[in-house]
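**Q** Dumping the structure here so I can ask a few things about it.
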Amino acid sequence: MRHLLTLFDLTPTEVRTVLSTAVHLKRLLRDGHRPPILAGQTVGLLFEKPSLRTRVSFEAGMNQLGGGSLFLGEDVGWGKRESPADFTRVLGQFLDAVICRAKSHDRVEELARFEAVSVINGLTDLSHPCQALADILTVGEVFSGGDDFHFDALRGRHVMFVGDGNNVARSLALHCAILDMPFTLACPDGYAIDDIWLQRVRNAYPNAQISRVEDPGDAISDVDVIYTDVWTSMGQEAEAAERRKIFAPYRVDAKLMSKAPKTACVLHCLPAVRGEEITQEVIDGPQSQIIRQAGNRMHAQKGLLVWMLAPNWVSEHVK
Ligand code: CP
Ligand code: NVA
């Protein structure tokens, strides 16, 4: 039984296979084909935080693959009505996988621990692996020069994340390490990616090129991707006022973008707070690939679902 709690759960070869499967399925869809690869399979979406992209992209993706999805809201009583052991073992009787968005990463680990059902992390405070898969799919497409994707186009691409060293930044840094791409975090003191995560990345990928700058202007002339996310993540609302002050110099605006290569693209996982971490003109500007990136959530996750739930199809169809 396989899980995806963080991208540490996949080998580099598996990450590549997931991306290749996503690309293959995206091409099929573009040509009008929706093969029912997951017919008869059902995933559950167990969410204790709001979501637009993750929920809708998983549900639509499962539909396109001929399978079904069930949104499991508050009323299923996760952590409230019964023990985690009973909860997950019962789910395992009905479902092929659970996509889980939790307030704390421990809750998702706890579900997976019983080995009763495959668990996919749909965002925790620690990590957002599905987002990172879509992000790299997007970077590969952008630098392949069109809608297609080539791994070669990723080689040496330098990703700079401007803002908080949060769940999205951690997952992206790890995905860059897996694919041997340089990653720089531009953040204020006290908001870097934690040492425990960085050490795990370096232990798994000793050649990881991860660095940190305080001023995004110091690195931006040398990057291919400028990525940002909200300054206050879900669950940190009490710190919002303080974060607004601390992160004010980290806004991705036209002034910062004037120092970036014209070929660089701008990404944001969304939802964005326009005017805070990114200005209107940048998010809607010519270098933004943000809407394509959001669309790629579905394509990347279709690749993941088929890799996880129909491995034989992948061996037969994906090179
Ligand atoms: N990027 C992302 O995960 O969006 P949602 O919170 O809307 O799912
Ligand atoms: N860092 C953000 C990402 C939302 C998709 C959060 O956790 O709220």
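Chains: A, B, ... in order of the structure tokens. Residues: from 1 per chain. Ligands: from 1, in order shown.
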Return as number ranges by chain the full set of residues in region 168-295 of chain A whose backbone-based DSSP assignment is helix (DSSP H, G or I).
**A** A: 168-178, 195-204, 216-218, 220-222, 237-250, 254-257, 280-283, 290-295
**Q** Once you count only C-alpha atoms and all ligand atoms, which residues end up within 9 Å of ligand 1, and could you hand them over as number ranges by chain?
**A** A: 49-57, 101, 122-123, 128, 130-131, 168, 234, 268-271, 294, 297
**Q** Those selected residues, please, written with N, CA, C and O atoms and delivered as a short mmCIF file (atom, residue, chain, number, x, y, z; two decimals), in the first residue's frame.
**A**
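Below you can see again29.cif, which holds the result:
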data_model
loop_
_atom_site.label_atom_id
_atom_site.label_comp_id
_atom_site.auth_asym_id
_atom_site.auth_seq_id
_atom_site.Cartn_x
_atom_site.Cartn_y
_atom_site.Cartn_z
N LYS A 49 -10.01 21.81 6.46
CA LYS A 49 -9.74 23.22 6.15
C LYS A 49 -10.39 23.49 4.80
O LYS A 49 -10.58 22.56 4.01
N PRO A 50 -10.67 24.76 4.47
CA PRO A 50 -11.31 25.05 3.18
C PRO A 50 -10.41 24.71 1.99
O PRO A 50 -9.19 24.62 2.14
N SER A 51 -11.03 24.54 0.84
CA SER A 51 -10.26 24.25 -0.39
C SER A 51 -11.13 24.52 -1.61
O SER A 51 -12.30 24.16 -1.63
N LEU A 52 -10.56 25.11 -2.62
CA LEU A 52 -11.19 25.17 -3.94
C LEU A 52 -10.46 24.22 -4.87
O LEU A 52 -10.99 23.21 -5.34
N ARG A 53 -9.18 24.54 -5.14
CA ARG A 53 -8.40 23.80 -6.13
C ARG A 53 -8.25 22.33 -5.80
O ARG A 53 -8.48 21.46 -6.64
N THR A 54 -7.83 22.02 -4.56
CA THR A 54 -7.50 20.63 -4.24
C THR A 54 -8.74 19.76 -4.33
O THR A 54 -8.75 18.70 -4.97
N ARG A 55 -9.81 20.25 -3.72
CA ARG A 55 -11.05 19.45 -3.74
C ARG A 55 -11.58 19.27 -5.16
O ARG A 55 -11.84 18.16 -5.61
N VAL A 56 -11.74 20.38 -5.87
CA VAL A 56 -12.39 20.30 -7.18
C VAL A 56 -11.52 19.54 -8.19
O VAL A 56 -12.01 18.76 -9.00
N SER A 57 -10.21 19.75 -8.11
CA SER A 57 -9.33 19.07 -9.07
C SER A 57 -9.29 17.56 -8.82
O SER A 57 -9.27 16.78 -9.77
N ARG A 101 -6.91 16.71 4.02
CA ARG A 101 -6.39 18.06 4.32
C ARG A 101 -6.61 18.27 5.82
O ARG A 101 -7.75 18.31 6.27
N GLY A 122 -3.50 16.25 1.11
CA GLY A 122 -4.05 17.36 0.33
C GLY A 122 -3.76 18.70 0.96
O GLY A 122 -4.47 19.66 0.68
N LEU A 123 -2.76 18.78 1.78
CA LEU A 123 -2.21 19.96 2.49
C LEU A 123 -2.29 19.75 4.00
O LEU A 123 -3.35 19.42 4.55
N HIS A 128 2.72 20.19 1.24
CA HIS A 128 1.64 20.23 0.23
C HIS A 128 2.20 19.57 -1.04
O HIS A 128 2.42 20.23 -2.06
N CYS A 130 1.03 17.60 -3.41
CA CYS A 130 0.29 17.64 -4.69
C CYS A 130 0.50 18.98 -5.38
O CYS A 130 0.57 19.05 -6.61
N GLN A 131 0.61 20.03 -4.58
CA GLN A 131 0.89 21.35 -5.15
C GLN A 131 2.25 21.35 -5.85
O GLN A 131 2.39 21.83 -6.98
N VAL A 168 4.12 25.08 1.48
CA VAL A 168 4.31 25.10 0.02
C VAL A 168 5.80 25.24 -0.30
O VAL A 168 6.34 24.55 -1.18
N MET A 234 -3.40 29.19 6.44
CA MET A 234 -4.57 28.77 7.22
C MET A 234 -4.11 28.26 8.58
O MET A 234 -3.16 27.47 8.67
N HIS A 268 2.18 31.10 -8.20
CA HIS A 268 1.55 31.26 -6.88
C HIS A 268 0.58 30.10 -6.74
O HIS A 268 -0.19 29.82 -7.67
N CYS A 269 0.58 29.43 -5.59
CA CYS A 269 -0.29 28.26 -5.46
C CYS A 269 -1.77 28.64 -5.41
O CYS A 269 -2.63 27.80 -5.67
N LEU A 270 -2.08 29.90 -5.06
CA LEU A 270 -3.45 30.40 -4.87
C LEU A 270 -4.12 29.65 -3.70
O LEU A 270 -3.79 28.50 -3.48
N PRO A 271 -5.02 30.25 -2.96
CA PRO A 271 -5.56 31.59 -3.19
C PRO A 271 -4.55 32.68 -2.81
O PRO A 271 -3.76 32.49 -1.89
N ALA A 294 -2.71 26.44 -11.68
CA ALA A 294 -3.89 25.93 -10.95
C ALA A 294 -4.54 24.79 -11.76
O ALA A 294 -4.91 23.76 -11.19
N ARG A 297 -3.06 21.38 -11.35
CA ARG A 297 -3.35 20.57 -10.14
C ARG A 297 -4.08 19.29 -10.56
O ARG A 297 -3.77 18.20 -10.09
#
**Q** I need the residue nearest Thr13 (chain A) from this list: A:Ile178, A:Ile136, A:Leu198, A:Arg292. Use only C-alpha atoms for the distance.
**A**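 Once distances to Thr13 (chain A) are computed over only C-alpha atoms, the minimum belongs to A:Ile178.
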**Q** Could you tell me which of A:Arg81, A:His3, A:Arg16, A:His105 comes closest to ligand 2 if we count only C-alpha atoms and all ligand atoms?
**A**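 When distances to ligand 2 are compared using only C-alpha atoms and all ligand atoms, the smallest one comes from A:His105.
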**Q** Per residue of region 14-65 of chain A within 7 Å of region 84-98 of chain A, record the nearest atom pair and its distance in Å to one decimal, counting only C-alpha atoms, with rows in chain order and ascending residue number, as a tab-separated table.
**A**
residue	atom	partner	partner_atom	distance
A:Gln41	CA	A:Asp96	CA	6.2
A:Thr42	CA	A:Leu95	CA	5.4
A:Val43	CA	A:Ala97	CA	4.9
A:Gly44	CA	A:Val98	CA	4.7
A:Leu45	CA	A:Val98	CA	5.9
A:Leu46	CA	A:Val98	CA	6.8
**Q** Write the residues you've just listed into a file as a short mmCIF file (atom, residue, chain, number, x, y, z; two decimals), in the first residue's frame, and include C-alpha atoms for each of them.
**A**
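Okay, part.cif is ready:
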data_model
loop_
_atom_site.label_atom_id
_atom_site.label_comp_id
_atom_site.auth_asym_id
_atom_site.auth_seq_id
_atom_site.Cartn_x
_atom_site.Cartn_y
_atom_site.Cartn_z
CA GLN A 41 -12.60 2.92 -7.77
CA THR A 42 -13.57 5.54 -5.20
CA VAL A 43 -11.56 8.12 -3.29
CA GLY A 44 -12.70 10.02 -0.23
CA LEU A 45 -11.84 13.65 0.42
CA LEU A 46 -11.41 14.23 4.11
#
